[in-house]
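As structure tokens, the structure follows; a few thoughts come after it.
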Amino acid sequence: MRTHRVAVLPGDGTGPEVVSIAVRVLEAVQEKLGTYKLDLVSGEAGFNAIAKYGTNVPPQTIDMLKTTVACLKGPMTTPEEPGAPPSAALAIRKFFNLYANVRPCSSLPNVPSLKPNIDLTIVRENTEGMYSNIEFDVSEGVAVAMRVISQKASERVARFAFKLADRRRKHLAYVHKANILRRTDGVFNQAILDVSKDFPSVVIEGLHIDNMALQLIKRPETFDVIVTTNLFGDILSDEAAQLVGGLGIASGANMGDNYAMFEPVHGSAPKYAGQDKVNPIATILAGKMLLEYLGERDSARELERAVRLVLEEGKALTYDLGGKARSSEMCQAILDKIRRP
Ligand code: IPM
Ligand code: MN
């Protein structure tokens with residue numbers, strides 16, 4: 001039987017709760033399909049690792065990740081004070097060169113959506129831009145951050161987004177602020193135009209980031225794939241998540257050429273830790289993206305079917321979806337749908 005060795009990083013705050021639920025769901029679909037095996041290996045990373053190892057992602061975790069084909073990562077708290085270790089998500093994205101951050105946002109049954117029929121995917125450049133980690137004090141009260149935009153990274157993420165749009169509804173919106181950031185977004189936009197020559201059937205539409213923030217509210221159903229630089233993509237993906245029901249259901253994939261990491265878009269919500277309260281669907285759907293990446297499409301479909309059925313029934317909804325169910329009750333409802341003969 002084919003085996004996929006996959007790392008699991010539970011994270012901190014509510015991370016361990018939602019990740020253990022996602023793992024139970026992954027194990028249930030694996031059992032149901034019976035055609036492959038997930039070899040899951042757990043590792044330490046995130047806020048709790050800092051006190052113990054002085055860093056967010058200790059070297060032994062990196063070594064463990066290297067023995068796997070992909071990773072399911074829970075939310076992790078990122079400390080904000082200067083000098084604190086960089087975010088664990090960023091460290092892993094950087095280490096494995098996971099250059100495309102893919103965040104689908106689709107209307108789900110029984111989940112409040114700004115408009116019906118929203119089905120868009122944000123592809124966010126994941127290695128540079130405002131996340132280049134070049135930030136310093138210049139003089140008292142003045143600090144500078146550098147926004148690095150390279151042709152190479154822009155073309156790489158552009159190609160990824162074009163390929164995706166080509167398999168979907170063949171529309172690609174590219175988002176920038178080239179009226180102000182003339183050089184950096186000049187490089188980004190040129191990369192889009194260059195790569196577009198290889199995808200003549202994909203229609204492109206360029207939008208300024210401020211206008212995009214508006215159009216996403218005004219006509220979200222017209223967007224298919226949206227590609228943009230790192231920080232714009234970070235902001236737009238939270239906005240887009242809210243269009244279709246909020247961060248409780250938003251999942252994302254960080255894709256490289258040789259590795260991929262899957263995670264909920266939401267943070268660690270430490271104030272809810274241990275309360276069995278938060279919506280586990282974002283992490284479960286990250287698990288669905290993981291199954292697709294592993295080529296286990298039937299399993300991915302089965303997982304999504306179970307989630308949709310539970311949402312449609314509307315009996316086991318967490319507080320963010322207007323229900324009263326605990327995370328564990330929603331989990332059980334999803335498991336029941338999978339195990340039903
Ligand atoms: C996200 C998060 C991260 C980011 C943080 C936790 C570093 O907001 O994945 O969107 O900014 O990329
Ligand atoms: Mn974010």
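Chain labels A, B, ... are given in the sequence in which chains occur in the structure tokens; within each chain residues are numbered consecutively from 1, and ligands are likewise numbered from 1 in the order shown.
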Skipping near chain neighbours, those fewer than 4 positions away, what residues fall within 8 Å of Ser132 (chain A) using only C-alpha atoms, listed as a PDB file with N, CA, C and O atoms, in the first residue's frame?
ATOM      1  N   THR A 127       7.657  34.599  -0.443  1.00  0.00           N
ATOM      2  CA  THR A 127       9.068  34.566  -0.032  1.00  0.00           C
ATOM      3  C   THR A 127       9.722  35.935   0.123  1.00  0.00           C
ATOM      4  O   THR A 127      10.804  36.041   0.686  1.00  0.00           O
ATOM      5  N   GLU A 128       9.095  36.997  -0.419  1.00  0.00           N
ATOM      6  CA  GLU A 128       9.811  38.280  -0.386  1.00  0.00           C
ATOM      7  C   GLU A 128       8.848  39.439  -0.117  1.00  0.00           C
ATOM      8  O   GLU A 128       8.055  39.381   0.814  1.00  0.00           O
ATOM      9  N   MET A 146      12.426  47.186   4.005  1.00  0.00           N
ATOM     10  CA  MET A 146      12.637  47.095   2.558  1.00  0.00           C
ATOM     11  C   MET A 146      11.693  46.090   1.932  1.00  0.00           C
ATOM     12  O   MET A 146      11.530  44.988   2.433  1.00  0.00           O
ATOM     13  N   ARG A 147      11.105  46.483   0.821  1.00  0.00           N
ATOM     14  CA  ARG A 147      10.177  45.619   0.101  1.00  0.00           C
ATOM     15  C   ARG A 147      10.899  45.113  -1.149  1.00  0.00           C
ATOM     16  O   ARG A 147      10.985  45.816  -2.155  1.00  0.00           O
ATOM     17  N   VAL A 148      11.434  43.927  -1.044  1.00  0.00           N
ATOM     18  CA  VAL A 148      12.195  43.375  -2.168  1.00  0.00           C
ATOM     19  C   VAL A 148      11.231  42.663  -3.118  1.00  0.00           C
ATOM     20  O   VAL A 148      10.462  41.804  -2.688  1.00  0.00           O
TER      21      VAL A 148
END
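Selection of all polymer residues within 10 Å of ligand 2 on the basis of only C-alpha atoms and all ligand atoms gives A:Asn230, A:Leu231, A:Phe232, A:Gly233, A:Asp234, A:Ile235, A:Leu236, A:Ser237, A:Asp238, A:Glu239, A:Pro264, A:Val265, A:His266, A:Gly267.
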(message) Which residues are close to Glu205 (chain A), i.e. within 9 Å by only C-alpha atoms, leaving aside same-chain residues fewer than 4 positions away? Reply as a PyMOL selection string.
(response) chain A and resi 171-175
(message) With only C-alpha atoms as the counted atoms, please give the residues lying no more than 10 Å from Ile62 (chain A), apart from itself and same-chain residues fewer than 3 positions off, as JSON, numbers by chain.
(response) {"A": [43, 44, 45, 57, 58, 59, 65, 66, 67, 91, 92, 95, 96]}
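Picture a line from CA of Lys115 (chain A) to CA of Tyr293 (chain A); it runs 29.0 Å.
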(message) I need the residue nearest Ile122 (chain A) from this list: A:Ala161, A:Ile334, A:Val19, A:Leu294. Use only C-alpha atoms for the distance.
(response) A:Ala161
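You can rank A:Val111, A:Ile180, A:Ala89, A:Leu193 by their closest distance to ligand 1 using only C-alpha atoms and all ligand atoms, and at the top of that list sits A:Ala89.
Minimum distance to ligand 1 across A:Ala306, A:Met76, A:Met64, A:Leu40 (counting only C-alpha atoms and all ligand atoms) occurs at A:Met76.
Taking CA of Gly314 (chain A) and CA of Asn110 (chain A) as endpoints, the distance between them is 6.9 Å.
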(message) Just checking: using only C-alpha atoms, which residue out of A:Glu313, A:Asp63, A:Leu72, A:Val307 ends up closest to Leu335 (chain A)?
(response) A:Val307
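Near region 327-333 of chain A, within 8 Å and counting only C-alpha atoms, sit Val18, Ile21, Val25, Asp276, Lys277, Val278, Asn279, Pro280, Val310, Ala316, Leu317 and Thr318 of chain A; same-chain residues fewer than 6 positions away were not included.
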Expected file contents, prior selection, N, CA, C and O atoms, as an mmCIF file, in the first residue's frame:
data_model
loop_
_atom_site.group_PDB
_atom_site.id
_atom_site.type_symbol
_atom_site.label_atom_id
_atom_site.label_comp_id
_atom_site.auth_asym_id
_atom_site.auth_seq_id
_atom_site.Cartn_x
_atom_site.Cartn_y
_atom_site.Cartn_z
ATOM 1 N N VAL A 18 -7.419 21.966 17.305
ATOM 2 C CA VAL A 18 -7.918 21.854 15.924
ATOM 3 C C VAL A 18 -7.071 20.872 15.106
ATOM 4 O O VAL A 18 -7.598 20.165 14.249
ATOM 5 N N ILE A 21 -8.125 17.304 15.890
ATOM 6 C CA ILE A 21 -9.395 17.000 15.212
ATOM 7 C C ILE A 21 -9.142 16.718 13.722
ATOM 8 O O ILE A 21 -9.641 15.737 13.173
ATOM 9 N N VAL A 25 -9.913 13.281 11.534
ATOM 10 C CA VAL A 25 -10.686 13.255 10.287
ATOM 11 C C VAL A 25 -9.843 12.628 9.159
ATOM 12 O O VAL A 25 -10.329 11.790 8.395
ATOM 13 N N ASP A 276 -12.423 23.990 23.822
ATOM 14 C CA ASP A 276 -13.187 23.120 22.919
ATOM 15 C C ASP A 276 -14.244 23.941 22.169
ATOM 16 O O ASP A 276 -15.378 23.515 22.044
ATOM 17 N N LYS A 277 -13.842 25.113 21.714
ATOM 18 C CA LYS A 277 -14.810 26.087 21.213
ATOM 19 C C LYS A 277 -14.622 26.451 19.738
ATOM 20 O O LYS A 277 -15.589 26.665 19.020
ATOM 21 N N VAL A 278 -13.361 26.533 19.306
ATOM 22 C CA VAL A 278 -13.136 27.115 17.972
ATOM 23 C C VAL A 278 -13.496 26.138 16.854
ATOM 24 O O VAL A 278 -13.509 24.918 17.034
ATOM 25 N N ASN A 279 -13.767 26.723 15.700
ATOM 26 C CA ASN A 279 -14.178 25.957 14.527
ATOM 27 C C ASN A 279 -12.969 25.194 13.960
ATOM 28 O O ASN A 279 -11.995 25.806 13.542
ATOM 29 N N PRO A 280 -13.048 23.872 13.911
ATOM 30 C CA PRO A 280 -11.899 23.109 13.398
ATOM 31 C C PRO A 280 -11.883 22.988 11.876
ATOM 32 O O PRO A 280 -10.950 22.415 11.305
ATOM 33 N N VAL A 310 -22.300 18.145 7.124
ATOM 34 C CA VAL A 310 -22.475 18.647 8.493
ATOM 35 C C VAL A 310 -22.916 20.106 8.469
ATOM 36 O O VAL A 310 -23.793 20.521 9.228
ATOM 37 N N ALA A 316 -24.537 20.742 14.055
ATOM 38 C CA ALA A 316 -23.304 20.772 14.851
ATOM 39 C C ALA A 316 -22.416 21.913 14.362
ATOM 40 O O ALA A 316 -21.347 21.707 13.793
ATOM 41 N N LEU A 317 -22.899 23.127 14.596
ATOM 42 C CA LEU A 317 -22.132 24.300 14.157
ATOM 43 C C LEU A 317 -21.478 24.976 15.356
ATOM 44 O O LEU A 317 -22.108 25.123 16.409
ATOM 45 N N THR A 318 -20.249 25.416 15.174
ATOM 46 C CA THR A 318 -19.555 26.134 16.248
ATOM 47 C C THR A 318 -20.068 27.579 16.342
ATOM 48 O O THR A 318 -20.798 28.047 15.467
#
(message) Residues near region 214-222 of chain A, anyone? I mean within 8 Å using only C-alpha atoms, not counting same-chain ones fewer than 6 positions away, as a VMD selection string.
(response) chain A and resid 114 to 120 240 243
Go ahead and write the residues just picked, N, CA, C and O atoms, as a short mmCIF file (atom, residue, chain, number, x, y, z; two decimals), in the first residue's frame.
data_model
loop_
_atom_site.label_atom_id
_atom_site.label_comp_id
_atom_site.auth_asym_id
_atom_site.auth_seq_id
_atom_site.Cartn_x
_atom_site.Cartn_y
_atom_site.Cartn_z
N LEU A 114 -21.21 36.68 1.64
CA LEU A 114 -21.63 38.01 1.20
C LEU A 114 -22.49 37.92 -0.06
O LEU A 114 -23.44 38.68 -0.23
N LYS A 115 -22.12 37.00 -0.95
CA LYS A 115 -22.92 36.73 -2.14
C LYS A 115 -22.88 35.23 -2.37
O LYS A 115 -21.90 34.58 -1.98
N PRO A 116 -23.89 34.66 -3.03
CA PRO A 116 -23.78 33.24 -3.36
C PRO A 116 -22.74 33.07 -4.46
O PRO A 116 -22.37 34.04 -5.11
N ASN A 117 -22.29 31.87 -4.67
CA ASN A 117 -21.39 31.56 -5.80
C ASN A 117 -20.04 32.26 -5.76
O ASN A 117 -19.46 32.54 -6.80
N ILE A 118 -19.53 32.55 -4.59
CA ILE A 118 -18.15 33.04 -4.53
C ILE A 118 -17.24 31.82 -4.62
O ILE A 118 -17.44 30.84 -3.91
N ASP A 119 -16.30 31.87 -5.54
CA ASP A 119 -15.37 30.75 -5.70
C ASP A 119 -14.06 31.31 -6.24
O ASP A 119 -13.84 31.33 -7.44
N LEU A 120 -13.25 31.81 -5.35
CA LEU A 120 -12.00 32.42 -5.79
C LEU A 120 -10.82 31.83 -5.00
O LEU A 120 -11.01 31.24 -3.93
N ALA A 240 -10.98 38.16 2.04
CA ALA A 240 -11.70 37.18 1.22
C ALA A 240 -12.30 36.07 2.09
O ALA A 240 -13.40 35.59 1.82
N LEU A 243 -15.60 37.07 3.39
CA LEU A 243 -16.69 37.08 2.39
C LEU A 243 -17.48 35.79 2.44
O LEU A 243 -18.67 35.76 2.13
#
(message) Let's see if you can do this: from backbone DSSP, list all strand (DSSP E) residues in region 85-314 of chain A, as a PyMOL selection string.
(response) chain A and resi 100-106+119-125+135-139+142-145+171-176+203-208+225-228+251-255+260-264
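Distance-wise, CA of Val202 (chain A) and CA of Ala165 (chain A) end up 6.8 Å apart.
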